[in-house]
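So this block is structure.txt, compact mmCIF, C-alpha atoms:
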```
# COMPACT_ATOMS: atom_id res chain seq x y z
CA MET A 1 46.46 9.49 -24.91
CA ALA A 2 48.48 6.85 -26.76
CA ALA A 3 50.05 4.11 -24.67
CA ALA A 4 53.84 4.16 -24.30
CA GLU A 5 55.77 1.31 -25.81
CA GLY A 6 55.36 -1.81 -23.68
CA GLU A 7 52.22 -0.47 -21.92
CA LEU A 8 48.83 -2.12 -22.27
CA THR A 9 46.27 -0.18 -24.26
CA GLU A 10 42.81 0.21 -22.68
CA VAL A 11 41.36 -2.23 -25.20
CA ALA A 12 44.05 -4.81 -24.47
CA PHE A 13 43.62 -4.32 -20.74
CA TRP A 14 39.88 -4.97 -20.79
CA ASN A 15 40.15 -7.79 -23.33
CA GLN A 16 42.55 -9.74 -21.14
CA GLY A 17 39.63 -10.66 -18.88
CA SER A 18 39.84 -7.95 -16.24
CA LYS A 19 36.73 -8.02 -14.01
CA LEU A 20 34.83 -4.73 -14.10
CA GLY A 21 33.25 -4.83 -10.63
CA PRO A 22 36.40 -5.55 -8.55
CA ILE A 23 38.41 -3.01 -10.57
CA LEU A 24 35.83 -0.29 -9.97
CA GLU A 25 35.70 -1.07 -6.24
CA GLY A 26 39.48 -0.75 -6.01
CA MET A 27 39.71 2.79 -7.32
CA PRO A 28 38.62 6.26 -6.09
CA ALA A 29 35.00 7.28 -6.76
CA ALA A 30 36.19 10.18 -8.93
CA LYS A 31 37.49 7.70 -11.52
CA HIS A 32 34.42 5.43 -11.67
CA ARG A 33 32.68 7.10 -14.62
CA ARG A 34 35.88 7.47 -16.60
CA THR A 35 36.57 3.78 -16.08
CA LEU A 36 33.05 2.78 -17.12
CA ASP A 37 33.36 4.85 -20.30
CA SER A 38 36.72 3.25 -21.02
CA PHE A 39 35.24 -0.20 -20.60
CA LYS A 40 32.31 0.63 -22.90
CA ASP A 41 34.62 1.98 -25.62
CA ALA A 42 36.86 -1.11 -25.38
CA THR A 43 33.99 -3.64 -25.46
CA PRO A 44 31.24 -1.93 -27.53
CA THR A 45 29.11 -5.05 -28.08
CA LEU A 46 29.17 -6.67 -24.64
CA TRP A 47 29.77 -3.79 -22.20
CA HIS A 48 26.18 -3.75 -20.94
CA GLU A 49 26.34 -7.41 -19.88
CA ALA A 50 29.35 -6.76 -17.66
CA VAL A 51 27.78 -3.61 -16.21
CA ILE A 52 24.58 -5.50 -15.43
CA GLY A 53 26.65 -8.27 -13.87
CA SER A 54 28.43 -5.75 -11.64
CA LEU A 55 25.25 -4.13 -10.27
CA ASN A 56 24.76 -6.71 -7.55
CA ILE A 57 28.36 -6.85 -6.28
CA VAL A 58 29.37 -3.19 -6.02
CA SER A 59 28.62 -0.42 -3.52
CA SER A 60 25.35 1.52 -3.62
CA LYS A 61 27.13 4.56 -5.11
CA LEU A 62 28.72 2.44 -7.83
CA ALA A 63 25.40 0.72 -8.49
CA GLY A 64 23.99 4.18 -9.16
CA GLU A 65 26.82 4.95 -11.61
CA CYS A 66 26.23 1.67 -13.43
CA ALA A 67 22.48 2.27 -13.58
CA ALA A 68 22.96 5.81 -14.90
CA MET A 69 25.25 4.55 -17.65
CA LEU A 70 22.76 1.86 -18.67
CA MET A 71 19.88 4.34 -18.82
CA GLU A 72 21.88 6.91 -20.77
CA ASN A 73 22.74 4.29 -23.38
CA GLY A 74 19.26 2.91 -24.04
CA LYS A 75 19.42 -0.06 -21.66
CA LEU A 76 16.65 0.98 -19.27
CA ASP A 77 14.47 -2.05 -20.04
CA LEU A 78 17.40 -4.39 -19.35
CA LEU A 79 18.07 -2.59 -16.06
CA ARG A 80 14.43 -2.77 -14.98
CA GLU A 81 14.19 -6.44 -15.92
CA THR A 82 17.34 -7.24 -13.92
CA LEU A 83 16.16 -5.33 -10.86
CA ALA A 84 12.73 -6.99 -10.96
CA ARG A 85 14.30 -10.45 -11.22
CA LEU A 86 16.80 -9.92 -8.39
CA ILE A 87 14.07 -8.50 -6.15
CA SER A 88 11.50 -11.21 -6.86
CA GLN A 89 14.09 -13.93 -6.21
CA HIS A 90 15.36 -12.12 -3.07
CA GLN A 91 18.87 -12.12 -4.53
CA ALA A 92 19.40 -8.35 -4.64
CA SER A 93 22.33 -7.20 -2.51
CA SER A 94 21.83 -4.79 0.37
CA GLU A 95 23.96 -2.21 -1.50
CA LEU A 96 21.85 -2.44 -4.66
CA LEU A 97 18.66 -2.15 -2.63
CA LEU A 98 20.12 0.80 -0.72
CA TRP A 99 20.70 2.60 -4.02
CA LEU A 100 17.17 1.78 -5.23
CA ALA A 101 15.66 2.99 -1.94
CA LYS A 102 17.55 6.28 -2.18
CA GLU A 103 16.75 6.70 -5.87
CA ARG A 104 12.98 5.96 -5.77
CA SER A 105 12.32 7.81 -9.03
CA ASP A 106 9.26 7.37 -11.21
CA THR A 107 11.50 5.42 -13.58
CA PHE A 108 11.20 2.46 -11.21
CA ALA A 109 7.74 3.22 -9.81
CA ASP A 110 6.19 -0.13 -10.76
CA ILE A 111 9.14 -2.02 -9.24
CA LEU A 112 8.87 -0.20 -5.89
CA THR A 113 6.34 -2.52 -4.24
CA PRO A 114 6.14 -4.36 -0.91
CA GLU A 115 8.34 -7.04 -2.49
CA VAL A 116 11.23 -4.58 -2.34
CA PHE A 117 10.89 -4.40 1.44
CA ARG A 118 10.79 -8.20 1.64
CA ALA A 119 13.97 -8.33 -0.43
CA MET A 120 15.54 -5.76 1.91
CA VAL A 121 14.77 -7.87 4.95
CA SER A 122 16.23 -10.93 3.21
CA ALA A 123 19.38 -9.00 2.30
CA ILE A 124 19.85 -7.78 5.86
CA GLU A 125 19.45 -11.31 7.16
CA ARG A 126 22.05 -12.58 4.65
CA ASP A 127 24.46 -9.88 5.80
CA ILE A 128 23.97 -10.67 9.47
CA PHE A 129 27.69 -11.36 9.89
CA ASN A 130 28.71 -8.30 7.88
CA GLU A 131 27.62 -5.49 10.17
CA LYS A 132 28.82 -2.71 7.88
CA LYS A 133 26.55 -3.81 5.05
CA SER A 134 23.47 -4.75 7.03
CA ASN A 135 23.57 -1.64 9.19
CA LYS A 136 23.70 0.74 6.22
CA LEU A 137 20.51 -0.61 4.68
CA ARG A 138 18.76 -1.15 8.01
CA ASP A 139 19.65 2.35 9.22
CA PHE A 140 18.32 3.88 6.01
CA ILE A 141 15.03 1.97 6.30
CA LEU A 142 14.58 3.25 9.85
CA SER A 143 15.63 6.83 9.13
CA ASP A 144 13.56 7.37 5.96
CA HIS A 145 10.02 7.51 7.33
CA ASP A 146 8.48 7.74 3.85
CA LEU A 147 10.10 4.62 2.38
CA LEU A 148 7.87 1.89 3.79
CA PRO A 149 4.59 3.83 3.34
CA GLU A 150 5.52 4.52 -0.30
CA LEU A 151 6.30 0.85 -0.96
CA ILE A 152 2.94 -0.35 0.39
CA SER A 153 0.64 2.55 -0.54
CA SER A 154 -1.03 0.82 -3.51
CA ALA A 155 -0.72 -2.77 -2.27
CA ASP A 156 -3.51 -5.26 -1.68
CA ILE A 157 -4.50 -5.47 1.99
CA GLU A 158 -3.69 -9.18 2.17
CA VAL A 159 -0.19 -8.49 0.87
CA VAL A 160 0.24 -5.83 3.55
CA LYS A 161 -0.99 -8.21 6.24
CA ASP A 162 1.47 -10.86 5.08
CA LEU A 163 4.28 -8.30 5.10
CA THR A 164 3.28 -7.28 8.62
CA ARG A 165 3.50 -10.86 9.85
CA SER A 166 6.91 -11.29 8.21
CA LEU A 167 8.19 -8.13 9.86
CA GLN A 168 6.94 -9.26 13.26
CA LEU A 169 8.90 -12.53 12.93
CA SER A 170 12.05 -11.07 11.38
CA PRO A 171 15.29 -11.10 13.44
CA SER A 172 16.59 -8.15 11.41
CA PHE A 173 15.12 -5.48 13.70
CA ASP A 174 14.90 -5.18 17.47
CA ASP A 175 11.54 -4.74 19.19
CA MET A 176 11.68 -0.96 19.32
CA ASP A 177 12.55 -0.67 15.63
CA LYS A 178 9.81 -3.15 14.73
CA ARG A 179 7.28 -1.04 16.58
CA SER A 180 8.41 2.02 14.63
CA LEU A 181 8.06 0.24 11.28
CA LEU A 182 4.73 -1.33 12.21
CA ALA A 183 3.40 2.10 13.18
CA ARG A 184 4.23 3.33 9.68
CA ILE A 185 2.24 0.46 8.18
CA VAL A 186 -0.73 1.19 10.46
CA LYS A 187 -0.70 4.85 9.40
CA VAL A 188 -1.33 3.78 5.80
CA PHE A 189 -3.54 0.75 6.59
CA PRO A 190 -5.24 1.30 10.00
CA VAL A 191 -6.99 -2.07 9.74
CA VAL A 192 -3.62 -3.78 10.28
CA LYS A 193 -3.53 -2.48 13.86
CA GLU A 194 -5.79 -5.27 15.07
CA LEU A 195 -3.43 -7.82 13.52
CA ILE A 196 -0.53 -6.31 15.47
CA THR A 197 -2.25 -5.80 18.82
CA GLY A 198 -4.56 -8.83 18.74
CA GLU A 199 -7.27 -6.63 20.27
CA ALA A 200 -9.94 -7.23 17.65
CA THR A 201 -13.20 -8.71 18.84
CA LYS A 202 -15.85 -10.59 16.92
CA GLN A 203 -18.04 -7.50 17.01
CA ASP A 204 -15.23 -5.43 15.47
CA HIS A 205 -15.09 -7.90 12.60
CA THR A 206 -18.80 -8.03 11.77
CA TYR A 207 -21.01 -5.55 9.92
CA ILE A 208 -24.77 -6.07 9.80
CA VAL A 209 -25.94 -4.94 6.37
CA SER A 210 -29.06 -5.12 4.26
CA TRP A 211 -29.06 -7.64 1.43
CA GLU A 212 -29.53 -4.78 -1.03
CA SER A 213 -26.46 -2.83 0.13
CA LEU A 214 -24.43 -6.05 0.23
CA GLU A 215 -25.32 -6.74 -3.39
CA ARG A 216 -24.32 -3.21 -4.40
CA ARG A 217 -20.91 -3.57 -2.79
CA ARG A 218 -20.35 -6.94 -4.43
CA ASN A 219 -21.20 -5.44 -7.81
CA GLU A 220 -18.81 -2.54 -7.18
CA TYR A 221 -16.04 -5.00 -6.25
CA ASP A 222 -16.62 -7.06 -9.40
CA ASP A 223 -16.58 -3.94 -11.57
CA LEU A 224 -13.34 -2.81 -9.90
CA CYS A 225 -11.56 -6.14 -10.39
CA LYS A 226 -12.84 -6.98 -13.85
CA LYS A 227 -12.97 -3.57 -15.52
CA ARG A 228 -11.47 -0.58 -13.73
CA ILE A 229 -8.21 -2.10 -12.45
CA PRO A 230 -7.40 -3.92 -15.75
CA ALA A 231 -8.17 -0.71 -17.66
CA ASN A 232 -5.84 1.22 -15.35
CA SER A 233 -3.08 -1.36 -15.89
CA LYS A 234 -3.39 -0.80 -19.65
CA ASP A 235 -3.21 2.97 -19.10
CA ILE A 236 0.02 2.54 -17.10
CA ALA A 237 1.57 0.34 -19.78
CA LEU A 238 0.59 2.78 -22.52
CA ALA A 239 1.92 5.78 -20.58
CA ARG A 240 5.20 3.95 -19.89
CA SER A 241 5.67 3.42 -23.62
CA TYR A 242 5.82 7.21 -24.10
CA GLY A 243 9.33 7.28 -22.62
CA ASP A 244 10.98 9.28 -19.81
CA LEU A 245 8.85 8.55 -16.75
CA ARG A 246 10.26 11.51 -14.83
CA GLU A 247 8.38 13.95 -17.10
CA ASN A 248 5.55 11.62 -18.05
CA HIS A 249 2.38 13.18 -16.62
CA GLU A 250 0.12 10.50 -18.08
CA TYR A 251 2.13 7.84 -16.27
CA LYS A 252 2.02 9.74 -12.97
CA ALA A 253 -1.74 10.23 -13.25
CA ALA A 254 -2.29 6.55 -14.04
CA LYS A 255 -0.14 5.50 -11.08
CA GLU A 256 -2.07 7.82 -8.76
CA MET A 257 -5.32 6.31 -10.01
CA GLN A 258 -3.86 2.85 -9.35
CA LYS A 259 -3.37 3.82 -5.70
CA VAL A 260 -6.98 5.01 -5.45
CA LEU A 261 -8.34 1.84 -7.07
CA MET A 262 -6.21 -0.53 -4.99
CA ARG A 263 -7.13 1.30 -1.79
CA ARG A 264 -10.83 1.01 -2.64
CA LYS A 265 -10.36 -2.67 -3.49
CA SER A 266 -8.80 -3.24 -0.06
CA GLU A 267 -11.65 -1.38 1.65
CA LEU A 268 -14.25 -3.44 -0.19
CA GLU A 269 -12.49 -6.72 0.59
CA ILE A 270 -12.37 -5.90 4.29
CA GLY A 271 -16.01 -4.85 4.33
CA LEU A 272 -17.30 -7.80 2.32
CA ASN A 273 -15.40 -10.26 4.50
CA ARG A 274 -17.03 -8.78 7.60
CA ALA A 275 -20.52 -8.22 6.23
CA ARG A 276 -23.50 -10.25 7.44
CA GLY A 277 -26.64 -9.72 5.37
CA THR A 278 -30.11 -9.45 6.91
CA ASP A 279 -33.71 -8.60 6.02
CA PHE A 280 -34.22 -7.10 9.53
CA ALA A 281 -37.03 -9.55 10.31
CA GLY A 282 -37.64 -10.34 13.99
CA ALA A 283 -36.01 -7.20 15.39
CA ARG A 284 -36.47 -6.59 19.13
CA THR A 285 -38.91 -3.78 19.88
CA ASP A 286 -38.58 -3.54 23.67
CA ILE A 287 -35.45 -1.51 22.98
CA VAL A 288 -34.11 0.35 19.97
CA SER A 289 -32.40 -2.24 17.78
CA ILE A 290 -31.27 -2.72 14.19
CA GLY A 291 -34.39 -3.05 12.03
CA THR A 292 -36.73 -0.82 14.05
CA LYS A 293 -38.58 2.40 13.38
CA VAL A 294 -38.00 4.83 16.25
CA THR A 295 -40.00 7.93 17.04
CA VAL A 296 -38.11 10.47 19.14
CA HIS A 297 -38.87 13.85 20.66
CA ASP A 298 -36.11 16.42 20.07
CA ILE A 299 -35.96 18.13 23.46
CA ASN A 300 -33.95 21.07 22.11
CA ASN A 301 -36.61 22.23 19.62
CA SER A 302 -39.70 20.24 20.71
CA LYS A 303 -39.99 18.48 17.33
CA THR A 304 -40.94 14.86 16.72
CA VAL A 305 -38.70 12.87 14.36
CA THR A 306 -38.87 9.28 13.08
CA PHE A 307 -35.82 7.22 12.17
CA GLN A 308 -35.36 3.82 10.57
CA ILE A 309 -32.36 2.08 12.11
CA ARG A 310 -30.84 0.00 9.32
CA GLY A 311 -27.58 -1.69 8.30
CA ALA A 312 -24.03 -0.35 8.32
CA TRP A 313 -24.18 0.58 4.61
CA ASP A 314 -27.73 1.96 4.60
CA SER A 315 -27.92 5.73 4.82
CA ASP A 316 -30.53 8.15 3.49
CA PRO A 317 -30.85 10.90 6.13
CA ASP A 318 -33.28 12.96 4.03
CA ASN A 319 -35.75 10.07 4.29
CA GLY A 320 -35.01 9.29 7.94
CA ILE A 321 -32.92 6.17 7.19
CA ILE A 322 -29.75 5.97 9.30
CA ALA A 323 -27.03 3.35 9.69
CA TYR A 324 -26.79 1.74 13.09
CA LEU A 325 -23.08 2.69 13.18
CA SER A 326 -23.85 6.41 12.72
CA PRO A 327 -23.63 8.73 15.76
CA ILE A 328 -27.44 8.90 16.02
CA GLY A 329 -27.81 5.15 15.58
CA GLN A 330 -25.18 4.39 18.21
CA ALA A 331 -26.77 6.84 20.65
CA LEU A 332 -30.26 5.32 20.28
CA LEU A 333 -29.39 1.60 20.26
CA ASN A 334 -30.47 -0.47 23.28
CA HIS A 335 -32.62 2.29 24.82
CA PRO A 336 -36.30 1.57 25.73
CA VAL A 337 -39.27 3.92 25.37
CA GLY A 338 -38.97 6.84 27.80
CA ASP A 339 -35.17 7.00 27.85
CA GLU A 340 -33.43 10.25 27.06
CA VAL A 341 -30.21 10.09 25.04
CA GLU A 342 -27.56 12.70 24.37
CA PHE A 343 -25.03 12.78 21.53
CA GLU A 344 -22.90 15.21 19.57
CA LEU A 345 -23.17 15.64 15.81
CA GLN A 346 -21.06 18.07 13.78
CA GLY A 347 -20.06 19.94 16.92
CA ALA A 348 -23.63 20.44 18.17
CA LYS A 349 -25.12 18.65 21.19
CA HIS A 350 -28.52 16.95 20.81
CA LYS A 351 -30.95 15.42 23.31
CA PHE A 352 -33.72 13.01 22.27
CA ARG A 353 -36.42 11.19 24.18
CA VAL A 354 -37.47 7.81 22.81
CA ASP A 355 -41.27 7.93 22.38
CA ALA A 356 -42.05 4.78 20.33
CA ILE A 357 -40.36 1.69 18.88
CA ALA A 358 -41.80 -0.52 16.13
CA PRO A 359 -40.50 -3.07 13.65
CA LEU A 360 -39.87 -1.91 10.12
CA PRO A 361 -42.89 -2.85 7.97
CA THR A 362 -42.03 -5.63 5.55
CA ALA A 363 -42.18 -3.36 2.50
CA GLU A 364 -39.88 -0.80 4.14
CA ALA A 365 -37.48 -3.45 5.40
CA ALA A 366 -37.09 -4.75 1.88
CA ALA A 367 -36.91 -1.36 0.18
CA PRO A 368 -33.53 -0.30 -1.26
CA ALA A 369 -31.62 2.43 0.55
CA ALA A 370 -28.60 4.46 -0.45
CA SER A 371 -25.24 3.05 0.61
```

Final C-alpha cells representation of the file:
Amino acid sequence: MAAAEGELTEVAFWNQGSKLGPILEGMPAAKHRRTLDSFKDATPTLWHEAVIGSLNIVSSKLAGECAAMLMENGKLDLLRETLARLISQHQASSELLLWLAKERSDTFADILTPEVFRAMVSAIERDIFNEKKSNKLRDFILSDHDLLPELISSADIEVVKDLTRSLQLSPSFDDMDKRSLLARIVKVFPVVKELITGEATKQDHTYIVSWESLERRRNEYDDLCKKRIPANSKDIALARSYGDLRENHEYKAAKEMQKVLMRRKSELEIGLNRARGTDFAGARTDIVSIGTKVTVHDINNSKTVTFQIRGAWDSDPDNGIIAYLSPIGQALLNHPVGDEVEFELQGAKHKFRVDAIAPLPTAEAAAPAAS
C-alpha cells in the first residue's frame, strides 16, 4: 500500500538507520515475518548482515524466524558459520542456544556437539542476574532428557570427561540437578561413573592382556584414527554438499557411522590405557591364576575339560582358551586343586572340581589367540 503524503515509506524507514533487532522485539510475534520481509525488500543487498547481527540479541522465537529467513534465501552456510563461531567463542546468547536446542535438526547436526553444552553453561552463568533468561535455558536443559545424550553421543571420551568435570564445578545447577545431568552422561558413557563417584580402584583400571592381543588392538586403533575416521569425515562432507540435510539419507548414514566409529575409538582408548601386556611366564600353580592350564571335572555330566586361563582380550572357547574376566575364568581364579566351584553361564548352573593346575607351555603361552 502506498504511503500517505508526509508518511515514511518502508524503504525510507529502514534506510534511516532503524535497528532491526530492537524493532522486532517491540512488536507482536504475528508481525515478525512481515517485518523481516519488509526489511529484506528495503535493503536487498545488506539485509542478511542485519539479520545475522540480530540473531544473538533477540528472543529464541525470533531467532528461529531469523534463521528460517536466512535458510529460505540461500544463506544457510552463513548461518552455520555464525552459529559455530558464537558457540566456539562462548558468546552465543541463552535465547539463541535455547532455539538451537529446541530445533536440533539434521541441518545443524555437526554443530550439535558437547561444545554447545559448554556454551549453554557459559550463557547461564552470564545471565546469573537475569533470572528470566537463565531459567528458560536451564529449565529446558533439565526437562529435555535427550538433549545432553544427543550432544555427547559421538564425542571423544576425554572430551566427555572434561565436560563432566566442568559440570561438577559449575554454579549454574544445584546438586540435585547436577546429579540428574551426570546420570544422563553415565548412561551414554558408563566409564564416566568412576570419575563422578571416585570409587575406581587400581584393579578396575588395569587389564592383563597378552602381547599379541595388545598389538591387535593397537593396530585397530591406528587403522581407526588414520583411515576409517578420516574417510568417514570425507563421506560426511560429500553428503552435506548434496543439499537439504533433512532429506539427505547419505548424510544421516554417514553421521550414524561417525557415532559408531567414535564410540569404538573411545572404547579402544580406555582399554589401551588400562592394558598391561604379559607373556604369562612365572604364573602361580598352587592356585588357578592367569597363565595356567586347568583341568576340571564337570560334576553335572562327569566330563573332564581343560582350560587355558589367558588375558582379558584372549578368547577362543572352541579351543579351550578363556579370558580371565569371563564367568568361567572368574569362577576358577584363586582356587587350588580339589576345590569345587559353582557359576552360572547363559542361565544354566555349572559345578566344576579343580583336578590339576599347570603353567602354560612356552609355545602355548606365546601362541596367538582370538581377541

Rank A:Ala312, A:Ala67, A:Ile52, A:Val305 by their smallest atom-to-atom distance to A:Thr82, using all atoms listed in the file, and report the top residue only.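 Answer, going by the shortest atom-to-atom distance: A:Ile52.
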
Protein, DNA and RNA residues within 9 Å of (-5.6, 0.6, -8.0), all atoms listed in the file, as a ChimeraX atom specification: /A:154-156,224,228-229,232-233,255-265

Using only C-alpha atoms, which residues of stretch 172-220 of chain A come within 10 Å of stretch 324-343 of chain A, and what is the closest atom pair for each, with the distance in Å to one decimal? Give it as a tab-separated table, sorted by chain and residue number.
```
residue	atom	partner	partner_atom	distance
A:Tyr207	CA	A:Leu325	CA	9.1
A:Ile208	CA	A:Tyr324	CA	8.7
A:Val209	CA	A:Tyr324	CA	9.5
```

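Between A:Thr285 and the candidates A:Val191, A:Ala356, A:Leu142, A:Leu238, the tightest atom-to-atom separation, counting all atoms listed in the file, involves A:Ala356.
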
Which neighbours of A:Leu169 fall inside 12 Å, counting all atoms listed in the file, when residues of the same chain fewer than 6 positions from it are skipped, and could you give them as a list in words?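 These residues fall inside the cut-off: Val121, Asp162, Leu163, Asp175, Lys178, Leu182 and Ile196 of chain A.
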
Could you name the residues that touch A:Leu98 at 9 Å or less, counting only C-alpha atoms, but leaving out those on the same chain fewer than 3 positions away, as an MDAnalysis selection string? chainID A and resid 60 93:95 101:103 120 136:137 140:141
